[in-house]
Structures are given as structure tokens and as C-alpha cells.
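J.: Sending over coords-v8.txt (compact mmCIF, C-alpha atoms and all ligand atoms).
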# COMPACT_ATOMS: atom_id res chain seq x y z
CA MET A 199 -41.74 -6.20 49.23
CA GLN A 200 -38.65 -6.34 46.94
CA SER A 201 -35.38 -6.86 48.84
CA SER A 202 -33.79 -3.53 47.84
CA GLU A 203 -36.97 -1.70 48.87
CA LYS A 204 -36.78 -3.44 52.23
CA PHE A 205 -33.07 -2.58 52.48
CA TRP A 206 -33.80 1.15 52.15
CA ASP A 207 -36.97 1.02 54.24
CA THR A 208 -35.12 -0.41 57.24
CA ARG A 209 -32.40 2.24 56.95
CA ALA A 210 -34.63 5.30 56.53
CA GLU A 211 -34.37 6.60 60.13
CA ASP A 212 -30.57 6.14 60.19
CA TYR A 213 -30.29 7.76 56.75
CA ALA A 214 -32.23 10.78 58.02
CA GLN A 215 -29.96 11.13 61.07
CA SER A 216 -26.60 10.57 59.36
CA PRO A 217 -24.66 13.67 58.24
CA ILE A 218 -23.96 14.17 54.52
CA LYS A 219 -20.68 12.32 53.88
CA ASN A 220 -18.94 14.81 51.58
CA LEU A 221 -20.40 18.22 52.34
CA PRO A 222 -18.25 20.28 49.88
CA ALA A 223 -19.25 17.91 47.05
CA TYR A 224 -22.91 18.12 48.05
CA HIS A 225 -22.89 21.91 48.12
CA GLU A 226 -21.01 22.22 44.82
CA ALA A 227 -23.53 19.98 43.05
CA LEU A 228 -26.42 21.81 44.72
CA ALA A 229 -25.06 25.16 43.49
CA ARG A 230 -24.75 23.76 39.94
CA THR A 231 -28.37 22.52 40.15
CA LYS A 232 -29.63 25.87 41.46
CA SER A 233 -28.11 27.57 38.43
CA TYR A 234 -30.45 25.55 36.16
CA LEU A 235 -33.71 26.11 38.06
CA SER A 236 -36.38 28.79 37.46
CA ALA A 237 -39.29 30.04 39.55
CA GLU A 238 -41.92 28.51 37.21
CA ASP A 239 -40.35 25.04 37.07
CA ARG A 240 -42.32 21.91 37.95
CA VAL A 241 -39.72 19.41 39.13
CA LEU A 242 -39.75 15.64 39.70
CA GLU A 243 -37.16 14.03 41.96
CA VAL A 244 -36.75 10.25 41.86
CA GLY A 245 -35.03 8.37 44.70
CA CYS A 246 -35.40 11.46 46.91
CA GLY A 247 -34.59 9.64 50.16
CA THR A 248 -35.82 11.73 53.08
CA GLY A 249 -36.22 14.78 50.86
CA SER A 250 -33.32 16.94 52.08
CA THR A 251 -32.38 18.16 48.60
CA ALA A 252 -35.98 18.74 47.47
CA LEU A 253 -36.67 20.79 50.61
CA LEU A 254 -33.52 22.90 50.07
CA LEU A 255 -34.51 23.62 46.45
CA ALA A 256 -38.22 24.21 47.11
CA GLY A 257 -37.90 28.00 47.39
CA LEU A 258 -36.42 28.26 43.88
CA VAL A 259 -39.18 26.52 41.91
CA LYS A 260 -42.95 26.31 41.59
CA HIS A 261 -43.39 22.73 42.75
CA ILE A 262 -41.39 19.55 43.42
CA THR A 263 -42.85 16.04 43.34
CA ALA A 264 -40.37 14.10 45.48
CA THR A 265 -40.57 10.31 45.04
CA ASP A 266 -38.93 7.23 46.49
CA PHE A 267 -39.97 3.58 46.62
CA SER A 268 -39.35 3.43 50.37
CA SER A 269 -42.48 4.34 52.31
CA ASN A 270 -40.37 5.08 55.39
CA MET A 271 -38.21 7.59 53.46
CA ILE A 272 -41.36 9.26 52.15
CA ALA A 273 -42.91 9.45 55.63
CA ILE A 274 -39.79 11.18 56.97
CA GLY A 275 -39.77 13.58 53.99
CA ARG A 276 -43.40 14.53 54.67
CA ARG A 277 -42.63 15.06 58.34
CA LYS A 278 -39.63 17.30 57.52
CA ALA A 279 -41.67 19.36 55.04
CA GLN A 280 -44.33 19.92 57.69
CA GLU A 281 -41.74 20.87 60.33
CA GLN A 282 -40.13 23.34 57.93
CA GLY A 283 -43.47 24.76 56.76
CA ILE A 284 -42.74 23.89 53.11
CA THR A 285 -45.93 23.43 51.10
CA ASN A 286 -44.73 23.19 47.49
CA VAL A 287 -43.06 19.76 47.83
CA THR A 288 -45.35 16.73 47.47
CA PHE A 289 -43.94 13.38 48.59
CA GLU A 290 -45.14 10.25 46.75
CA GLN A 291 -44.12 6.60 47.04
CA ALA A 292 -43.08 5.72 43.48
CA THR A 293 -40.27 4.34 41.33
CA PRO A 294 -38.61 5.88 38.26
CA PHE A 295 -40.69 3.44 36.18
CA ASP A 296 -44.05 4.81 37.35
CA ASP A 297 -46.26 7.30 35.52
CA ILE A 298 -45.83 10.23 37.85
CA GLY A 299 -47.57 13.50 36.99
CA ALA A 300 -48.50 12.02 33.61
CA GLN A 301 -51.13 14.69 33.00
CA GLU A 302 -48.48 17.43 32.61
CA PRO A 303 -44.82 16.82 31.77
CA PHE A 304 -42.07 18.18 34.05
CA ASP A 305 -39.54 20.93 33.33
CA VAL A 306 -36.81 19.17 35.33
CA VAL A 307 -36.24 15.61 36.55
CA MET A 308 -33.57 15.04 39.23
CA ALA A 309 -31.97 11.75 40.32
CA TYR A 310 -29.28 12.04 42.97
CA ASN A 311 -27.35 8.94 43.98
CA LEU A 312 -29.93 6.66 42.37
CA LEU A 313 -29.05 5.53 38.82
CA HIS A 314 -26.30 3.11 39.96
CA LEU A 315 -28.85 1.42 42.25
CA LEU A 316 -31.20 0.48 39.40
CA GLU A 317 -31.09 -2.97 37.83
CA ASP A 318 -32.51 -1.59 34.56
CA MET A 319 -31.04 1.89 34.18
CA PRO A 320 -31.81 2.22 30.42
CA LYS A 321 -35.49 1.48 31.00
CA ALA A 322 -35.67 4.04 33.84
CA LEU A 323 -33.89 6.69 31.75
CA GLY A 324 -36.24 6.07 28.83
CA HIS A 325 -39.27 6.39 31.09
CA LEU A 326 -38.00 9.58 32.76
CA HIS A 327 -37.30 11.04 29.29
CA GLY A 328 -41.00 10.53 28.56
CA LEU A 329 -42.01 12.44 31.72
CA LEU A 330 -40.09 15.57 30.64
CA LYS A 331 -41.16 18.43 28.38
CA PRO A 332 -39.21 18.76 25.13
CA GLY A 333 -36.06 20.70 26.10
CA GLY A 334 -36.56 19.72 29.77
CA LEU A 335 -33.55 18.93 31.93
CA PHE A 336 -32.46 15.67 33.52
CA ILE A 337 -30.04 16.40 36.38
CA SER A 338 -28.28 13.50 38.07
CA LYS A 339 -25.41 12.52 40.31
CA THR A 340 -24.30 8.91 40.09
CA VAL A 341 -21.64 6.79 41.74
CA CYS A 342 -19.44 5.15 39.08
CA LEU A 343 -18.15 2.15 40.96
CA ALA A 344 -16.09 0.82 38.03
CA GLU A 345 -13.87 3.92 38.36
CA GLU A 346 -13.16 3.18 42.04
CA SER A 347 -10.22 1.24 43.51
CA ARG A 348 -10.39 -2.55 43.49
CA LEU A 349 -10.33 -2.51 47.28
CA TRP A 350 -13.47 -0.37 47.43
CA ARG A 351 -15.28 -2.61 44.91
CA VAL A 352 -14.34 -5.75 46.90
CA LEU A 353 -15.60 -4.09 50.08
CA ILE A 354 -18.97 -3.30 48.46
CA PHE A 355 -19.20 -6.88 47.17
CA LEU A 356 -18.55 -8.29 50.65
CA MET A 357 -21.07 -5.90 52.22
CA GLN A 358 -23.67 -7.04 49.66
CA ARG A 359 -23.03 -10.67 50.60
CA ILE A 360 -23.95 -9.97 54.24
CA GLY A 361 -26.87 -7.66 53.39
CA PHE A 362 -25.11 -4.41 54.35
CA ALA A 363 -25.14 -2.94 50.83
CA PRO A 364 -27.86 -2.85 48.17
CA PHE A 365 -27.56 -3.84 44.50
CA VAL A 366 -25.02 -1.52 42.83
CA ASN A 367 -24.47 -1.41 39.08
CA SER A 368 -20.72 -1.03 38.54
CA LEU A 369 -20.72 1.77 35.97
CA LYS A 370 -17.92 3.59 34.16
CA VAL A 371 -18.44 7.32 33.56
CA SER A 372 -18.45 6.66 29.79
CA GLU A 373 -21.16 3.97 30.16
CA LEU A 374 -23.26 6.33 32.24
CA GLU A 375 -22.93 9.19 29.75
CA ASP A 376 -23.58 6.91 26.77
CA GLY A 377 -26.59 5.41 28.58
CA ILE A 378 -28.13 8.83 29.15
CA ALA A 379 -27.44 9.99 25.58
CA ALA A 380 -28.90 6.74 24.17
CA GLN A 381 -32.32 7.57 25.63
CA GLY A 382 -32.64 10.85 23.68
CA PHE A 383 -30.72 13.34 25.81
CA GLU A 384 -27.97 15.79 24.90
CA ILE A 385 -25.45 16.08 27.73
CA ILE A 386 -24.84 19.76 28.48
CA GLU A 387 -22.69 19.42 31.59
CA THR A 388 -20.70 16.52 33.02
CA GLY A 389 -18.15 16.67 35.81
CA SER A 390 -17.04 15.68 39.26
CA TYR A 391 -17.35 18.37 41.91
CA PRO A 392 -14.80 18.53 43.50
CA SER A 393 -12.62 16.45 41.19
CA TYR A 394 -12.09 13.72 43.83
CA SER A 395 -15.85 13.35 44.39
CA ARG A 396 -17.35 9.85 44.05
CA GLY A 397 -20.45 11.00 42.19
CA ARG A 398 -20.55 12.01 38.53
CA TYR A 399 -22.75 15.10 38.11
CA ILE A 400 -24.51 15.21 34.73
CA VAL A 401 -27.04 17.65 33.27
CA ALA A 402 -28.76 16.51 30.07
CA ARG A 403 -31.40 18.15 27.92
CA LYS A 404 -34.28 16.21 26.36
CA ILE A 405 -33.87 16.39 22.60
C1 LIG B 501 -28.36 6.59 48.19
S1 LIG B 501 -30.01 7.05 48.56
C2 LIG B 501 -30.06 8.68 47.86
C3 LIG B 501 -31.12 9.55 48.47
C4 LIG B 501 -31.06 11.00 48.02
N1 LIG B 501 -31.35 11.12 46.61
C5 LIG B 501 -29.70 11.57 48.32
O1 LIG B 501 -28.93 11.86 47.40
O2 LIG B 501 -29.42 11.71 49.52
C6 LIG B 501 -30.93 6.15 47.34
C7 LIG B 501 -32.42 6.34 47.47
O3 LIG B 501 -32.99 5.77 46.32
C8 LIG B 501 -34.10 4.98 46.70
N2 LIG B 501 -34.23 3.93 45.69
C9 LIG B 501 -33.38 2.93 45.41
N3 LIG B 501 -33.84 2.19 44.38
C10 LIG B 501 -35.01 2.75 44.01
C11 LIG B 501 -35.99 2.43 43.03
N4 LIG B 501 -35.85 1.38 42.20
N5 LIG B 501 -37.08 3.22 42.92
C12 LIG B 501 -37.24 4.29 43.75
N6 LIG B 501 -36.37 4.64 44.71
C13 LIG B 501 -35.27 3.87 44.83
C14 LIG B 501 -33.80 4.48 48.09
O4 LIG B 501 -34.96 4.17 48.82
C15 LIG B 501 -33.03 5.66 48.68
O5 LIG B 501 -33.89 6.54 49.33
How does this structure look as C-alpha cells?

T.:
Amino acid sequence: MQSSEKFWDTRAEDYAQSPIKNLPAYHEALARTKSYLSAEDRVLEVGCGTGSTALLLAGLVKHITATDFSSNMIAIGRRKAQEQGITNVTFEQATPFDDIGAQEPFDVVMAYNLLHLLEDMPKALGHLHGLLKPGGLFISKTVCLAEESRLWRVLIFLMQRIGFAPFVNSLKVSELEDGIAAQGFEIIETGSYPSYSRGRYIVARKI
């Protein structure tokens, strides 16, 4: 098992129990996402964690394939879907580099709090572009560590050294936006909700 996969696997139960850190930011981004979804949409989520967001959005779309490379995260997502009686979310263990749903392209791909964790973000973005229909939407929220205070970056570095933080790509907002555009997307919305939020929310359309 890769070390970052193991990192997330061992934290899955704690992740499921811990409250969302910035609830206003979460709800603002969720409301923005809801405004882009339609009842007939087939949606892919990559890095879904324990599936909280997919399960909240399930009632607005036709189907969500919720994926994560951590088998423990996926197991918790399946359990939550069953408890909530949600049948249109399918949980699969997969990475953003895998051929998911290759037989029919998706209307929407979502990646929340994932892109900064990838060692090869351009490759993942290129692959996800290929899984979308022409005109399909890529909706993401990404921590841009390079925009954070030096103190915060040093803290992350120290936590990584003792195994308490995973790999994090230190991105600037401009690098993130350019990286998405470079893979054949037109950015149609980019912002931080609320303005002090750590994550950059971006909606991009496949050209
Ligand atoms: C910070 S959590 C975000 C979870 C969820 N999207 C959210 O916003 O609450 C990152 C998730 O991405 C998953 N992850 C990290 N790297 C991944 C990779 N290369 N492929 C698939 N999943 C990955 C982790 O297992 C974890 O569940």
C-alpha cells in the first residue's frame, strides 16, 4: 500500500467522526455546487472521503459515483448510504487516474480538498477531463498552501516529518487556475467562500 493511502486509511474513522472545520465555508461551497447540478446529471466524485458531500447532493442528481483510494473511507461511505437509505450513490475504491465509468462520460466531476494532495495534479486533471462529456463541469475546492502564512507552512512541514500530515503540493491560486485551464478547461467561476476560507472553489467547463 502507498504511504499516503495508508495515511488516509488509518484516519478514516476519525475523519468520519470529526466535525467539518469551517461550516460556513462548507455550506457556501455546497450551495454554489447545487446551483450547477441538474436532475439528469451523472456525477463522479474523486477523493470523496466518507461520502458526506455526495450523500448531501444525491437528491439533486441522477447518480453519483463516489470514489476514494482509501478502502476504509469507502466502507464508511457505503455504511452511511445504507443508514440514510440513499441508493443512487455508488462507492468505489479508485484514484483520479483510473478509468471510472469509462463506458459513458460524466456530466460533472467533483474534487473537494483533493487536488493539493496529488503528486501529479496535471496528469489527474488531464485524465478527469477525459472522463467528462464535452461541456461537462469540473467542480473543485483546493487548499492553496503557498498563499498561507509561513508559520502555517512550517507547521505542515513539521507534521509531515513526524507522519501527522500527508503529501501536500504547495500551490498558489494562479498555479491552480493555470493548471486546470492547461488541461482543456475554461474556468467559469473562481473564488473563496467566505473570503477568508482556506480552499479555492473553482468551476471549470470542458472545452
Ligand atoms: C482532505 S480529504 C477530503 C475528503 C472529502 N472530499 C472532503 O472534502 O471532506 C482527502 C481525501 O482524498 C483521498 N485521497 C488522497 N489522495 C488520493 C488519491 N491519490 N486518490 C484517491 N483519493 C485520494 C483521501 O483518502 C481522503 O479521503

J.: Residues near Val352 in chain A, anyone? I mean within 12 Å using all atoms listed in the file, not counting same-chain ones fewer than 6 positions away, as a ChimeraX atom specification.

T.: /A:343-344,346,358-359,363,368

J.: Residues within 10 Å of range 275-283 of chain A, please, as a ChimeraX atom specification. Count only C-alpha atoms; anything in the same chain fewer than 4 positions from it doesn't count.

T.: /A:214,246-250,252-253,256,264-266,269-271,287-290

J.: Using all atoms listed in the file, which residue out of A:Ser268, A:Gln301, A:Ser390, A:Gln381 lies closest to ligand LIG 501 (chain B)?

T.: A:Ser268

J.: To one decimal place in Å, what is the distance between CA of Ala322 in chain A and atom C9 of ligand LIG 501 (chain B)?

T.: 11.8 Å

J.: Kindly give the distance, in Å, that separates CA of Asp376 in chain A and CA of Glu302 in chain A, rounded to a single decimal.

T.: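 Interatomic distance, CA of Asp376 in chain A to CA of Glu302 in chain A: 27.7 Å.
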
J.: Can you list, as a list in words, every protein, DNA or RNA residue that comes within 8 Å of range 398-400 of chain A when you count only C-alpha atoms, leaving out same-chain residues fewer than 5 positions away?

T.: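 Listed by chain and then number, they are Ala227, Ile337, Ser338, Lys339, Thr340, Val341, Cys342, Val371, Glu375, Ile385, Ile386, Glu387, Thr388, Gly389, Ser390 and Tyr391 of chain A.
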
J.: Enclose the full set of atoms of range 247-266 of chain A listed in the file within a box whose edges lie along x, y and z, apply 8 Å of padding to each of the six sides, and report centre and edge lengths in Å to one decimal as JSON.

T.:
{"center_x": -37.9, "center_y": 17.7, "center_z": 47.3, "size_x": 27.0, "size_y": 37.0, "size_z": 27.5}

J.: Near Glu203 in chain A, within 12 Å and counting only C-alpha atoms, which residues show up once chain neighbours fewer than 2 positions away are dropped, as a PyMOL selection string?

T.: chain A and resi 199-201+205-210+245+247+266-271+291-293+315-316+364-365

J.: Go ahead and save the picked residues with C-alpha atoms, as a short mmCIF file (atom, residue, chain, number, x, y, z; two decimals), in the coordinates of the input.

T.:
data_model
loop_
_atom_site.label_atom_id
_atom_site.label_comp_id
_atom_site.auth_asym_id
_atom_site.auth_seq_id
_atom_site.Cartn_x
_atom_site.Cartn_y
_atom_site.Cartn_z
CA MET A 199 -41.74 -6.20 49.23
CA GLN A 200 -38.65 -6.34 46.94
CA SER A 201 -35.38 -6.86 48.84
CA PHE A 205 -33.07 -2.58 52.48
CA TRP A 206 -33.80 1.15 52.15
CA ASP A 207 -36.97 1.02 54.24
CA THR A 208 -35.12 -0.41 57.24
CA ARG A 209 -32.40 2.24 56.95
CA ALA A 210 -34.63 5.30 56.53
CA GLY A 245 -35.03 8.37 44.70
CA GLY A 247 -34.59 9.64 50.16
CA ASP A 266 -38.93 7.23 46.49
CA PHE A 267 -39.97 3.58 46.62
CA SER A 268 -39.35 3.43 50.37
CA SER A 269 -42.48 4.34 52.31
CA ASN A 270 -40.37 5.08 55.39
CA MET A 271 -38.21 7.59 53.46
CA GLN A 291 -44.12 6.60 47.04
CA ALA A 292 -43.08 5.72 43.48
CA THR A 293 -40.27 4.34 41.33
CA LEU A 315 -28.85 1.42 42.25
CA LEU A 316 -31.20 0.48 39.40
CA PRO A 364 -27.86 -2.85 48.17
CA PHE A 365 -27.56 -3.84 44.50
#

J.: Interatomic distance between CA of Ala402 in chain A and CA of His325 in chain A?

T.: 14.6 Å

J.: For each of A:Thr231, A:Asn367, A:Asn311, A:Ser347, take the minimum atom-to-atom distance to ligand LIG 501 (chain B), counting only C-alpha atoms and all ligand atoms, then give the residue where this is smallest.

T.: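 That would be A:Asn311, the residue with the smallest distance to ligand LIG 501 (chain B).
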
J.: Counting all atoms listed in the file, which residue out of A:Tyr224, A:Tyr213, A:Tyr310, A:Tyr234 sits closest to ligand LIG 501 (chain B)?

T.: A:Tyr310

J.: Which residue is closest to Gly328 in chain A? Choose from A:Ile405, A:Leu258, A:Ala309, A:Leu228 and count all atoms listed in the file.

T.: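 With all atoms listed in the file as the atom set, the closest residue is A:Ile405.
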
J.: Restricting the calculation to only C-alpha atoms: of A:Trp350, A:Val366, A:Leu255, A:Gln215, which residue gets closest to Ser233 in chain A?

T.: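 Looking only at the distances to Ser233 in chain A, the closest residue turns out to be A:Leu255.
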
J.: Smallest atom-to-atom distance to ligand LIG 501 (chain B): which of A:Arg351, A:His261, A:His314, A:Arg240, using all atoms listed in the file?

T.: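 Closest to ligand LIG 501 (chain B), using all atoms listed in the file: A:His314.
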
J.: Skip Val241 in chain A itself and residues of its chain fewer than 5 positions away, then list as a PyMOL selection string all residues within 7 Å of it, counting only C-alpha atoms.

T.: chain A and resi 261-263+304-307
